[in-house]
Amino acid sequence: MIKSVEDPTVANILSTDALKIYDIPRYQREYTWGQRDWANLYDDITQNDPGYFLGSFIVVNGSINAKTDTVHFEVIDGQQRLTTLSLLLAALYARIMGHGDLLDEDLMYDEVRPLRNRLILKTDKSMSRVVPQVQNQNLEDYRWILKEFVGLDSVEQKPKFFGLRKMSRAFNYFSERLDEDVEGREGNERIRELLRICKLVYSAVVVQITVDSHADAYTLFASLNNRGVPLSAVDLIKNMLLGKVAGTDDKQLDYYFERWQLVLHNLGDDYKTQERFFRQNYDAFRREVNRPFVVDEGSQLPLGSVATRSNLLKIYEKRMETDSDARMVLDELIENSAIYSKIIGLDSESLGLELSRQLLELSRAQGVPSYLMLLSLMKKRDQLELNDAILAQLVRLLVCFFVRRNLTDTPPTRDLERLFINICESLEVEGVKGVEAAQYIKGRLVAVSASDSVFRERLEGPIYDVNPDMTRYILTVLAAPSVTNEMKGLWDRYASGNYVWTIEHIFPQGENIPDEWVRMVANGDFEKAREVQANQVHTLGNLTITGYNSKLSNMPFVTKRDRKDANGTNVGYRNGLNLNEELVNTDTWTGEQIQRRTDKLVEASLRAFDFDEVQL
């Protein structure tokens with residue numbers, strides 16, 4: 001994976017004699033470091049002993065330019081630091097040359113020209129050693145700085161609004177810091193101090209890690225403690241793809257970059273969702289994807305049986321070996337991400353109301369592993385003769401499946417991905433369509449689910465302790481019929497991100513049971529009250545949902561029941577939810593009442609998530 005680890009100092013990386021060029025691809029992030037980053041870098045170098053460790057950067061194995069004999073490394077990670085170091089060296093060169101009248105020939109030969117040659121190739125003064133990417137005029141600004149202050153042989157004009165952008169501001173920042181450090185010194189003393197700082201920069205350790213591919217680079221990110229934000233797998237897929245399809249034409253780059261943005265628009269801003277799509281996009285169609293790579297009687301899945309975080313880059317890198325392959329993959333990603341957008345609820349306009357509603361319920365029921373199957377079904381819906389009505393019932397089936405699975409852990413999490421992949425591939429083998437296909441899927445899911453008796457046992461037990469999120473989901477499903485338009489939605493959130501409605505333990509769950517509760521539950525017997533708490537506090541019968549959980553807490557039962565807010569609105573158990581029917585008509589709350597309510601809610605839950613109620 002790692003081809004080499006070398007050149008541990010800035011002086012060796014930017015060697016005056018080596019014909020090395022560090023290219024930052026045009027599709028990488030633009031230069032984003034700001035004053036805090038510049039200050040940290042400068043202080044780390046100047047306020048520590050020589051040889052201070054600044055981190056590492058990753059490059060893909062260099063290619064040789066036959067015309068110039070230069071070796072070009074593609075910088076995959078660490079471009080912000082590398083660019084900033086070169087800007088600091090440029091500022092040092094400019095400040096030293098500002099005292100040109102004091103520089104004799106020996107000093108120019110031994111110190112100053114070598115500094116310039118670390119920024120510009122000695123053999124071709126039109127080439128810089130670091131080549132920033134083009135976004136937001138990064139490359140233009142950088143080349144202008146080297147032309148104006150270091151001697152780059154270039155015909156470029158000063159870019160418009162140059163002084164407003166990060167490259168210019170970084171160069172000016174370092175220039176000002178250098179002026180501060182030599183303030184009060186005269187003539188040769190200034191030059192000696194600037195050269196001392198220059199040597200500290202040269203001695204700083206920045207390890208160059210050379211790898212063979214983008215995929216190898218990605219596997220290193222988790223273990224490297226670099227400053228800045230490492231590229232994600234999705235970033236690297238973008239880099240590989242645009243690098244293949246865009247060629248050297250900026251207009252082409254802009255065109256394909258906009259097409260890539262369609263994919264991200266469909267998936268939203270959440271990185272976990274984006275990465276999950278790229279994995280599930282492979283899993284859902286792995287047979288078709290692998291066919292071009294099968295050799296004779298070899299493995300039918302040479303790219304991998306499933307996509308994981310560790311092999312995701314290798315899969316897409318292999319699929320995009322040529323320009324035409326990359327364009328095909330991009331078209332596929334745009335089409336499939338548009339479907340995925342409907343599944344995750346970002347685009348529900350073209351779906352039927354019931355299908356949209358059931359997809360929302362599936363996300364709340366933690367049914368994300370099934371998205372790969374839904375992606376396949378919805379892409380092949382015409383071929384499989386699946387309309388919105390059938391799909392809505394299938395999603396409802398998945399809701400039942402995941403509620404039961406998430407409480408019973410049957411089937412186990414490790415089996416879910418392969419289960420849904422296998423169902424997708426078996427549909428083709430079985431040749432079933434329409435309702436018959438839906439019934440086939442139902443049969444497969446029911447066959448691997450926990451039995452009704454096991455599901456009942458989990459519902460009767462300390463459900464909140466087993467899975468509080470699923471407990472909340474079950475309670476909201478049971479309460480939904482009683483929610484009115486005047487109420488806050490059961491899934492509404494505050495600006496903080498917390499739910500308006502949260503789970504409330506009627507009999508308090510805290511270790512210090514209030515005396516009034518001890519008297520009510522156990523006639524003053526604290527040990528008996530602890531026994532009731534231990535056995536029943538987390539069962540369905542002792543749980544409800546309220547918007548004022550933190551305020552109700554350990555209050556006496558009647559106070560909780562009758563509590564109102566400043567406007568006189570019932571915010572206790574008289575809040576109008578059907579879950580509280582037993583609570584509003586009693587002045588006491590005992591173990592027997594908890595058990596009766598548990599039995600009632602268990603029966604309601606069994607009906608709500610009964611496979612037989614899903615009509616296919």
# chains A, B, ... in the order shown; residues from 1 in each chain; ligands from 1

call {"tool": "select_by_dssp", "arguments": {"residues": "region 146-337 of chain A", "states": "strand (DSSP E or B)", "output": "PyMOL selection string"}}
result
chain A and resi 205-211

call {"tool": "select_by_dssp", "arguments": {"residues": "region 198-432 of chain A", "states": "alpha helix (DSSP H)", "output": "VMD selection string"}}
result
chain A and resid 198 to 203 214 to 221 233 to 245 250 to 267 271 to 284 286 to 290 312 to 319 323 to 343 353 to 364 371 to 379 381 to 384 388 to 408 413 to 430

call {"tool": "write_last_selection", "arguments": {"atoms": "C-alpha atoms", "output": "compact mmCIF listing (two decimals), in the first residue's frame"}}
result
# COMPACT_ATOMS: atom_id res chain seq x y z
CA CYS A 198 14.57 30.24 7.13
CA LYS A 199 16.72 27.43 8.51
CA LEU A 200 14.04 26.60 11.08
CA VAL A 201 11.57 26.21 8.23
CA TYR A 202 14.02 24.02 6.28
CA SER A 203 14.53 21.77 9.31
CA HIS A 214 -6.10 7.06 -4.30
CA ALA A 215 -7.59 4.03 -2.58
CA ASP A 216 -4.34 3.36 -0.74
CA ALA A 217 -4.26 7.00 0.32
CA TYR A 218 -7.71 6.78 1.85
CA THR A 219 -6.85 3.79 4.01
CA LEU A 220 -4.13 5.86 5.70
CA PHE A 221 -6.34 8.76 6.77
CA ALA A 233 -14.01 8.57 0.57
CA VAL A 234 -16.63 10.61 -1.30
CA ASP A 235 -14.09 13.41 -1.90
CA LEU A 236 -11.65 10.91 -3.34
CA ILE A 237 -14.23 9.29 -5.59
CA LYS A 238 -14.99 12.77 -6.90
CA ASN A 239 -11.29 13.44 -7.43
CA MET A 240 -10.74 10.20 -9.33
CA LEU A 241 -13.86 10.67 -11.43
CA LEU A 242 -13.23 14.28 -12.40
CA GLY A 243 -9.58 13.53 -13.02
CA LYS A 244 -10.64 10.93 -15.60
CA VAL A 245 -13.45 12.75 -17.39
CA ASP A 250 -11.44 23.86 -17.82
CA LYS A 251 -14.86 24.04 -19.45
CA GLN A 252 -15.09 20.27 -19.33
CA LEU A 253 -14.09 20.35 -15.69
CA ASP A 254 -16.84 22.86 -14.92
CA TYR A 255 -19.40 20.76 -16.81
CA TYR A 256 -18.58 17.50 -15.06
CA PHE A 257 -18.18 19.20 -11.70
CA GLU A 258 -21.74 20.51 -12.03
CA ARG A 259 -22.92 17.02 -12.90
CA TRP A 260 -21.14 15.70 -9.82
CA GLN A 261 -22.89 18.36 -7.76
CA LEU A 262 -26.21 16.84 -8.89
CA VAL A 263 -25.23 13.66 -7.05
CA LEU A 264 -24.46 15.54 -3.83
CA HIS A 265 -27.63 17.62 -4.20
CA ASN A 266 -29.65 14.40 -4.37
CA LEU A 267 -27.95 13.02 -1.26
CA TYR A 271 -21.57 12.79 4.90
CA LYS A 272 -22.74 9.52 6.45
CA THR A 273 -25.67 9.47 4.03
CA GLN A 274 -23.38 10.18 1.09
CA GLU A 275 -20.94 7.41 1.97
CA ARG A 276 -23.79 4.97 2.67
CA PHE A 277 -25.23 5.64 -0.78
CA PHE A 278 -21.93 4.82 -2.49
CA ARG A 279 -21.70 1.54 -0.57
CA GLN A 280 -25.33 0.56 -1.11
CA ASN A 281 -25.18 1.61 -4.76
CA TYR A 282 -22.57 -1.10 -5.28
CA ASP A 283 -24.30 -3.69 -3.10
CA ALA A 284 -27.67 -3.27 -4.83
CA ARG A 286 -23.10 -5.89 -7.59
CA ARG A 287 -23.78 -8.66 -10.12
CA GLU A 288 -24.20 -6.22 -13.03
CA VAL A 289 -21.26 -4.12 -11.86
CA ASN A 290 -18.90 -7.12 -11.62
CA LEU A 312 -15.02 1.35 -1.27
CA LEU A 313 -12.26 3.37 -2.96
CA LYS A 314 -10.77 0.32 -4.66
CA ILE A 315 -14.17 -0.63 -6.08
CA TYR A 316 -14.82 2.76 -7.65
CA GLU A 317 -11.21 3.19 -8.73
CA LYS A 318 -11.40 -0.10 -10.63
CA ARG A 319 -14.73 0.88 -12.18
CA ASP A 323 -12.52 8.05 -19.38
CA SER A 324 -15.56 6.30 -20.83
CA ASP A 325 -15.91 4.11 -17.74
CA ALA A 326 -15.81 7.18 -15.51
CA ARG A 327 -18.50 8.93 -17.55
CA MET A 328 -20.69 5.84 -17.36
CA VAL A 329 -20.24 5.66 -13.58
CA LEU A 330 -21.10 9.36 -13.25
CA ASP A 331 -24.31 8.89 -15.27
CA GLU A 332 -25.18 5.92 -13.06
CA LEU A 333 -24.53 7.88 -9.87
CA ILE A 334 -26.75 10.74 -11.00
CA GLU A 335 -29.61 8.40 -11.89
CA ASN A 336 -29.35 6.24 -8.77
CA SER A 337 -28.81 9.12 -6.35
CA ALA A 338 -32.04 10.68 -7.67
CA ILE A 339 -33.85 7.47 -6.67
CA TYR A 340 -32.03 7.40 -3.33
CA SER A 341 -33.15 10.98 -2.74
CA LYS A 342 -36.74 9.76 -2.79
CA ILE A 343 -35.96 6.91 -0.39
CA LEU A 353 -48.58 10.15 -0.58
CA GLU A 354 -48.75 6.73 1.11
CA LEU A 355 -45.38 5.62 -0.23
CA SER A 356 -43.79 8.86 1.01
CA ARG A 357 -45.40 8.40 4.41
CA GLN A 358 -44.20 4.81 4.75
CA LEU A 359 -40.64 5.76 3.71
CA LEU A 360 -40.63 8.37 6.47
CA GLU A 361 -41.81 5.73 8.95
CA LEU A 362 -39.06 3.38 7.78
CA SER A 363 -36.37 5.97 8.50
CA ARG A 364 -37.84 6.49 11.98
CA TYR A 371 -32.35 1.08 1.46
CA LEU A 372 -30.12 -0.94 -0.84
CA MET A 373 -33.03 -3.27 -1.66
CA LEU A 374 -35.38 -0.34 -2.16
CA LEU A 375 -32.85 1.28 -4.50
CA SER A 376 -32.85 -1.85 -6.63
CA LEU A 377 -36.64 -2.25 -6.55
CA MET A 378 -37.34 1.38 -7.40
CA LYS A 379 -34.82 1.44 -10.23
CA ARG A 381 -39.89 -0.95 -10.81
CA ASP A 382 -41.11 -1.09 -14.44
CA GLN A 383 -39.27 -4.32 -15.11
CA LEU A 384 -40.65 -5.82 -11.87
CA ASP A 388 -46.51 2.98 -5.77
CA ALA A 389 -49.23 1.04 -3.99
CA ILE A 390 -47.22 -2.20 -3.94
CA LEU A 391 -44.04 -0.37 -2.96
CA ALA A 392 -45.88 1.39 -0.12
CA GLN A 393 -46.99 -1.95 1.30
CA LEU A 394 -43.48 -3.35 0.94
CA VAL A 395 -42.10 -0.40 2.90
CA ARG A 396 -44.79 -0.92 5.54
CA LEU A 397 -43.63 -4.54 5.71
CA LEU A 398 -40.07 -3.33 6.26
CA VAL A 399 -41.23 -1.08 9.10
CA CYS A 400 -42.75 -4.11 10.86
CA PHE A 401 -39.60 -6.11 10.13
CA PHE A 402 -37.26 -3.50 11.62
CA VAL A 403 -39.32 -2.79 14.74
CA ARG A 404 -39.29 -6.48 15.53
CA ARG A 405 -35.64 -6.91 14.53
CA ASN A 406 -34.41 -3.93 16.51
CA LEU A 407 -36.01 -5.26 19.69
CA THR A 408 -35.12 -8.93 19.27
CA THR A 413 -27.08 -6.83 12.35
CA ARG A 414 -24.18 -8.56 10.60
CA ASP A 415 -26.62 -10.51 8.39
CA LEU A 416 -28.81 -7.63 7.20
CA GLU A 417 -26.69 -6.39 4.31
CA ARG A 418 -26.32 -9.82 2.75
CA LEU A 419 -30.00 -10.57 3.36
CA PHE A 420 -31.16 -7.62 1.28
CA ILE A 421 -28.52 -8.21 -1.40
CA ASN A 422 -29.64 -11.82 -1.68
CA ILE A 423 -33.31 -10.84 -1.97
CA CYS A 424 -32.46 -8.43 -4.82
CA GLU A 425 -30.55 -11.09 -6.72
CA SER A 426 -33.06 -13.85 -6.01
CA LEU A 427 -35.91 -11.85 -7.55
CA GLU A 428 -34.14 -12.07 -10.90
CA VAL A 429 -33.53 -15.80 -10.49
CA GLU A 430 -37.11 -16.50 -9.42

call {"tool": "residues_around", "arguments": {"residues": "Asp452 (chain A)", "least_positions_apart": "2", "cutoff": "10 Å", "atoms": "only C-alpha atoms", "output": "ChimeraX atom specification"}}
result
/A:404,449-450,454-458,606,610-611

call {"tool": "write_last_selection", "arguments": {"atoms": "all heavy atoms", "output": "JSON list (two decimals), in the first residue's frame"}}
result
[["chain", "number", "residue", "atom", "x", "y", "z"],
["A", 404, "ARG", "N", -39.47, -5.19, 14.88],
["A", 404, "ARG", "CA", -39.29, -6.48, 15.53],
["A", 404, "ARG", "C", -37.80, -6.84, 15.63],
["A", 404, "ARG", "O", -37.32, -7.33, 16.65],
["A", 404, "ARG", "CB", -40.06, -7.55, 14.74],
["A", 404, "ARG", "CG", -41.56, -7.27, 14.69],
["A", 404, "ARG", "CD", -42.26, -8.13, 13.63],
["A", 404, "ARG", "NE", -42.42, -9.50, 14.06],
["A", 404, "ARG", "CZ", -43.56, -10.03, 14.48],
["A", 404, "ARG", "NH1", -44.67, -9.29, 14.57],
["A", 404, "ARG", "NH2", -43.61, -11.30, 14.85],
["A", 449, "SER", "N", -37.38, -13.52, 10.62],
["A", 449, "SER", "CA", -37.74, -12.67, 11.75],
["A", 449, "SER", "C", -38.00, -13.50, 13.00],
["A", 449, "SER", "O", -38.27, -14.70, 12.93],
["A", 449, "SER", "CB", -38.99, -11.84, 11.42],
["A", 449, "SER", "OG", -38.73, -10.93, 10.39],
["A", 450, "ALA", "N", -37.95, -12.82, 14.14],
["A", 450, "ALA", "CA", -38.29, -13.48, 15.41],
["A", 450, "ALA", "C", -39.77, -13.86, 15.40],
["A", 450, "ALA", "O", -40.60, -13.18, 14.78],
["A", 450, "ALA", "CB", -37.98, -12.55, 16.57],
["A", 454, "VAL", "N", -41.49, -14.48, 20.74],
["A", 454, "VAL", "CA", -40.25, -13.79, 21.13],
["A", 454, "VAL", "C", -40.46, -12.28, 21.10],
["A", 454, "VAL", "O", -40.00, -11.56, 22.00],
["A", 454, "VAL", "CB", -39.09, -14.19, 20.19],
["A", 454, "VAL", "CG1", -37.85, -13.35, 20.48],
["A", 454, "VAL", "CG2", -38.77, -15.67, 20.35],
["A", 455, "PHE", "N", -41.16, -11.78, 20.09],
["A", 455, "PHE", "CA", -41.45, -10.34, 20.00],
["A", 455, "PHE", "C", -42.28, -9.90, 21.21],
["A", 455, "PHE", "O", -42.02, -8.87, 21.83],
["A", 455, "PHE", "CB", -42.18, -10.07, 18.69],
["A", 455, "PHE", "CG", -42.46, -8.61, 18.42],
["A", 455, "PHE", "CD1", -41.52, -7.63, 18.72],
["A", 455, "PHE", "CD2", -43.67, -8.22, 17.85],
["A", 455, "PHE", "CE1", -41.78, -6.28, 18.45],
["A", 455, "PHE", "CE2", -43.94, -6.88, 17.59],
["A", 455, "PHE", "CZ", -42.99, -5.91, 17.90],
["A", 456, "ARG", "N", -43.28, -10.70, 21.56],
["A", 456, "ARG", "CA", -44.11, -10.39, 22.71],
["A", 456, "ARG", "C", -43.26, -10.33, 23.99],
["A", 456, "ARG", "O", -43.43, -9.43, 24.82],
["A", 456, "ARG", "CB", -45.22, -11.42, 22.87],
["A", 456, "ARG", "CG", -46.07, -11.24, 24.14],
["A", 456, "ARG", "CD", -47.03, -12.39, 24.33],
["A", 456, "ARG", "NE", -48.10, -12.35, 23.36],
["A", 456, "ARG", "CZ", -49.22, -11.64, 23.49],
["A", 456, "ARG", "NH1", -49.40, -10.87, 24.58],
["A", 456, "ARG", "NH2", -50.16, -11.68, 22.58],
["A", 457, "GLU", "N", -42.37, -11.30, 24.12],
["A", 457, "GLU", "CA", -41.53, -11.35, 25.32],
["A", 457, "GLU", "C", -40.70, -10.07, 25.46],
["A", 457, "GLU", "O", -40.56, -9.53, 26.57],
["A", 457, "GLU", "CB", -40.61, -12.57, 25.23],
["A", 457, "GLU", "CG", -39.72, -12.76, 26.45],
["A", 457, "GLU", "CD", -38.81, -13.97, 26.30],
["A", 457, "GLU", "OE1", -39.11, -14.85, 25.46],
["A", 457, "GLU", "OE2", -37.78, -14.02, 27.01],
["A", 458, "ARG", "N", -40.16, -9.57, 24.35],
["A", 458, "ARG", "CA", -39.38, -8.33, 24.41],
["A", 458, "ARG", "C", -40.27, -7.13, 24.72],
["A", 458, "ARG", "O", -39.87, -6.23, 25.45],
["A", 458, "ARG", "CB", -38.63, -8.13, 23.09],
["A", 458, "ARG", "CG", -37.49, -9.08, 22.89],
["A", 458, "ARG", "CD", -36.45, -8.94, 24.02],
["A", 458, "ARG", "NE", -35.38, -9.91, 23.91],
["A", 458, "ARG", "CZ", -34.25, -9.69, 23.28],
["A", 458, "ARG", "NH1", -34.03, -8.53, 22.67],
["A", 458, "ARG", "NH2", -33.32, -10.62, 23.25],
["A", 606, "LEU", "N", -48.40, -5.38, 19.22],
["A", 606, "LEU", "CA", -48.43, -6.59, 18.39],
["A", 606, "LEU", "C", -49.32, -6.38, 17.17],
["A", 606, "LEU", "O", -49.00, -6.84, 16.06],
["A", 606, "LEU", "CB", -48.92, -7.78, 19.21],
["A", 606, "LEU", "CG", -47.92, -8.33, 20.24],
["A", 606, "LEU", "CD1", -48.62, -9.28, 21.20],
["A", 606, "LEU", "CD2", -46.78, -9.04, 19.52],
["A", 610, "ASP", "N", -47.87, -6.26, 13.07],
["A", 610, "ASP", "CA", -48.22, -7.63, 12.69],
["A", 610, "ASP", "C", -47.99, -7.81, 11.20],
["A", 610, "ASP", "O", -48.56, -7.08, 10.38],
["A", 610, "ASP", "CB", -49.69, -7.90, 13.05],
["A", 610, "ASP", "CG", -50.10, -9.34, 12.80],
["A", 610, "ASP", "OD1", -49.29, -10.11, 12.23],
["A", 610, "ASP", "OD2", -51.24, -9.69, 13.15],
["A", 611, "PHE", "N", -47.14, -8.76, 10.82],
["A", 611, "PHE", "CA", -46.88, -9.03, 9.41],
["A", 611, "PHE", "C", -48.18, -9.33, 8.65],
["A", 611, "PHE", "O", -48.33, -8.97, 7.48],
["A", 611, "PHE", "CB", -45.93, -10.21, 9.25],
["A", 611, "PHE", "CG", -44.49, -9.89, 9.55],
["A", 611, "PHE", "CD1", -43.75, -10.70, 10.40],
["A", 611, "PHE", "CD2", -43.87, -8.79, 8.98],
["A", 611, "PHE", "CE1", -42.41, -10.41, 10.66],
["A", 611, "PHE", "CE2", -42.54, -8.50, 9.24],
["A", 611, "PHE", "CZ", -41.81, -9.31, 10.08]]

call {"tool": "residues_around", "arguments": {"residues": "Ile24 (chain A)", "least_positions_apart": "6", "cutoff": "8 Å", "atoms": "only C-alpha atoms", "output": "number ranges by chain"}}
result
A: 74-76, 79, 130-133

call {"tool": "write_last_selection", "arguments": {"atoms": "N, CA, C and O atoms", "output": "compact mmCIF listing (two decimals), in the first residue's frame"}}
result
# COMPACT_ATOMS: atom_id res chain seq x y z
N GLU A 74 1.01 13.81 -7.39
CA GLU A 74 -0.34 14.33 -7.16
C GLU A 74 -0.61 14.34 -5.65
O GLU A 74 -0.62 13.30 -5.01
N VAL A 75 -0.81 15.53 -5.11
CA VAL A 75 -1.00 15.67 -3.66
C VAL A 75 -2.44 15.32 -3.32
O VAL A 75 -3.38 15.97 -3.79
N ILE A 76 -2.63 14.31 -2.49
CA ILE A 76 -3.95 13.83 -2.12
C ILE A 76 -4.39 14.38 -0.77
O ILE A 76 -5.56 14.68 -0.55
N GLN A 79 -2.34 19.28 1.22
CA GLN A 79 -2.07 20.37 0.29
C GLN A 79 -2.13 21.74 0.96
O GLN A 79 -1.43 22.67 0.56
N VAL A 130 5.45 23.86 -6.19
CA VAL A 130 4.09 23.57 -5.72
C VAL A 130 3.13 24.22 -6.72
O VAL A 130 3.27 25.39 -7.05
N VAL A 131 2.18 23.43 -7.19
CA VAL A 131 1.21 23.93 -8.17
C VAL A 131 -0.18 23.82 -7.57
O VAL A 131 -0.81 22.76 -7.60
N PRO A 132 -0.70 24.91 -6.99
CA PRO A 132 -2.04 24.86 -6.39
C PRO A 132 -3.11 24.59 -7.44
O PRO A 132 -2.88 24.75 -8.64
N GLN A 133 -4.30 24.20 -6.94
CA GLN A 133 -5.39 23.97 -7.88
C GLN A 133 -6.00 25.31 -8.28
O GLN A 133 -5.65 26.36 -7.76

call {"tool": "atom_distance", "arguments": {"atom1": "CA of Arg519 (chain A)", "atom2": "CA of Gly541 (chain A)"}}
result
19.7 Å

call {"tool": "atom_distance", "arguments": {"atom1": "CA of Leu54 (chain A)", "atom2": "CA of Tyr93 (chain A)"}}
result
21.2 Å

call {"tool": "atom_distance", "arguments": {"atom1": "CA of Gln35 (chain A)", "atom2": "CA of Val182 (chain A)"}}
result
20.3 Å

call {"tool": "residues_around", "arguments": {"residues": "region 576-591 of chain A", "least_positions_apart": "3", "cutoff": "8 Å", "atoms": "only C-alpha atoms", "output": "PyMOL selection string"}}
result
chain A and resi 475+478-479+481-483+507+520-522+532+536+544+557-558+561+573+594-595+597

call {"tool": "write_last_selection", "arguments": {"atoms": "N, CA and C atoms", "output": "mmCIF file, in the first residue's frame"}}
result
data_model
loop_
_atom_site.group_PDB
_atom_site.id
_atom_site.type_symbol
_atom_site.label_atom_id
_atom_site.label_comp_id
_atom_site.auth_asym_id
_atom_site.auth_seq_id
_atom_site.Cartn_x
_atom_site.Cartn_y
_atom_site.Cartn_z
ATOM 1 N N LEU A 475 -44.073 4.058 20.889
ATOM 2 C CA LEU A 475 -45.015 4.928 21.599
ATOM 3 C C LEU A 475 -45.610 5.988 20.671
ATOM 4 N N LEU A 478 -48.301 4.379 18.506
ATOM 5 C CA LEU A 478 -49.532 4.143 19.270
ATOM 6 C C LEU A 478 -50.259 5.459 19.561
ATOM 7 N N ALA A 479 -49.500 6.552 19.740
ATOM 8 C CA ALA A 479 -50.107 7.835 20.102
ATOM 9 C C ALA A 479 -50.593 8.625 18.896
ATOM 10 N N PRO A 481 -52.743 8.408 16.414
ATOM 11 C CA PRO A 481 -54.157 8.677 16.106
ATOM 12 C C PRO A 481 -54.781 9.782 16.955
ATOM 13 N N SER A 482 -54.190 10.098 18.100
ATOM 14 C CA SER A 482 -54.795 11.090 18.992
ATOM 15 C C SER A 482 -54.188 12.484 18.841
ATOM 16 N N VAL A 483 -53.188 12.630 17.961
ATOM 17 C CA VAL A 483 -52.557 13.939 17.768
ATOM 18 C C VAL A 483 -53.464 14.820 16.920
ATOM 19 N N PHE A 507 -43.583 6.298 36.957
ATOM 20 C CA PHE A 507 -42.911 6.022 38.226
ATOM 21 C C PHE A 507 -41.435 6.353 37.991
ATOM 22 N N MET A 520 -47.067 5.615 47.831
ATOM 23 C CA MET A 520 -48.102 5.245 46.860
ATOM 24 C C MET A 520 -47.888 3.832 46.319
ATOM 25 N N VAL A 521 -46.647 3.518 45.967
ATOM 26 C CA VAL A 521 -46.360 2.248 45.298
ATOM 27 C C VAL A 521 -46.257 1.084 46.280
ATOM 28 N N ALA A 522 -45.740 1.358 47.489
ATOM 29 C CA ALA A 522 -45.420 0.240 48.392
ATOM 30 C C ALA A 522 -45.811 0.510 49.837
ATOM 31 N N VAL A 532 -40.335 -2.904 42.818
ATOM 32 C CA VAL A 532 -41.259 -2.526 41.744
ATOM 33 C C VAL A 532 -40.501 -1.727 40.679
ATOM 34 N N GLN A 536 -40.264 -2.984 36.858
ATOM 35 C CA GLN A 536 -41.285 -2.413 35.980
ATOM 36 C C GLN A 536 -41.021 -1.003 35.471
ATOM 37 N N THR A 544 -44.639 6.903 28.919
ATOM 38 C CA THR A 544 -45.503 7.683 28.045
ATOM 39 C C THR A 544 -44.619 8.696 27.340
ATOM 40 N N PHE A 557 -47.339 11.979 41.464
ATOM 41 C CA PHE A 557 -48.141 11.540 40.333
ATOM 42 C C PHE A 557 -49.228 12.557 39.981
ATOM 43 N N VAL A 558 -49.982 13.004 40.952
ATOM 44 C CA VAL A 558 -51.104 13.915 40.673
ATOM 45 C C VAL A 558 -50.584 15.233 40.110
ATOM 46 N N ARG A 561 -49.803 14.620 36.529
ATOM 47 C CA ARG A 561 -51.052 14.445 35.776
ATOM 48 C C ARG A 561 -51.702 15.789 35.453
ATOM 49 N N TYR A 573 -50.170 14.729 32.113
ATOM 50 C CA TYR A 573 -50.773 13.571 31.466
ATOM 51 C C TYR A 573 -52.134 13.886 30.848
ATOM 52 N N ILE A 594 -49.369 -0.573 36.561
ATOM 53 C CA ILE A 594 -48.329 -0.616 35.523
ATOM 54 C C ILE A 594 -48.454 -1.896 34.702
ATOM 55 N N GLN A 595 -48.699 -3.027 35.386
ATOM 56 C CA GLN A 595 -48.796 -4.300 34.678
ATOM 57 C C GLN A 595 -49.995 -4.318 33.744
ATOM 58 N N ARG A 597 -51.475 -1.796 32.309
ATOM 59 C CA ARG A 597 -51.217 -0.914 31.163
ATOM 60 C C ARG A 597 -50.176 -1.536 30.228
#

call {"tool": "residues_around", "arguments": {"residues": "His505 (chain A)", "least_positions_apart": "2", "cutoff": "6 Å", "atoms": "only C-alpha atoms", "output": "PyMOL selection string"}}
result
chain A and resi 507-508+542-543

call {"tool": "write_last_selection", "arguments": {"atoms": "N, CA and C atoms", "output": "PDB file, in the first residue's frame"}}
result
ATOM      1  N   PHE A 507     -43.583   6.298  36.957  1.00  0.00           N
ATOM      2  CA  PHE A 507     -42.911   6.022  38.226  1.00  0.00           C
ATOM      3  C   PHE A 507     -41.435   6.353  37.991  1.00  0.00           C
ATOM      4  N   PRO A 508     -40.856   7.304  38.735  1.00  0.00           N
ATOM      5  CA  PRO A 508     -39.506   7.791  38.442  1.00  0.00           C
ATOM      6  C   PRO A 508     -38.469   6.674  38.416  1.00  0.00           C
ATOM      7  N   ASN A 542     -45.154   1.693  32.147  1.00  0.00           N
ATOM      8  CA  ASN A 542     -44.698   2.823  32.961  1.00  0.00           C
ATOM      9  C   ASN A 542     -44.141   3.959  32.108  1.00  0.00           C
ATOM     10  N   LEU A 543     -44.360   3.888  30.795  1.00  0.00           N
ATOM     11  CA  LEU A 543     -43.794   4.888  29.896  1.00  0.00           C
ATOM     12  C   LEU A 543     -44.882   5.628  29.137  1.00  0.00           C
TER      13      LEU A 543
END

call {"tool": "closest_atom_pairs", "arguments": {"of": "region 96-211 of chain A", "to": "region 61-67 of chain A", "cutoff": "10 Å", "atoms": "only C-alpha atoms", "output": "JSON lines"}}
result
{"residue": "A:Ile209", "atom": "CA", "partner": "A:Asn61", "partner_atom": "CA", "distance": 9.4}
{"residue": "A:Thr210", "atom": "CA", "partner": "A:Asn61", "partner_atom": "CA", "distance": 5.7}
{"residue": "A:Val211", "atom": "CA", "partner": "A:Asn61", "partner_atom": "CA", "distance": 5.6}

call {"tool": "closest_atom_pairs", "arguments": {"of": "region 473-537 of chain A", "to": "region 365-369 of chain A", "cutoff": "12 Å", "atoms": "only C-alpha atoms", "output": "JSON lines"}}
result
{"residue": "A:Tyr473", "atom": "CA", "partner": "A:Ala365", "partner_atom": "CA", "distance": 6.6}
{"residue": "A:Ile474", "atom": "CA", "partner": "A:Ala365", "partner_atom": "CA", "distance": 8.7}
{"residue": "A:Leu475", "atom": "CA", "partner": "A:Ala365", "partner_atom": "CA", "distance": 11.7}
{"residue": "A:Thr476", "atom": "CA", "partner": "A:Ala365", "partner_atom": "CA", "distance": 10.9}
{"residue": "A:Val477", "atom": "CA", "partner": "A:Ala365", "partner_atom": "CA", "distance": 10.3}
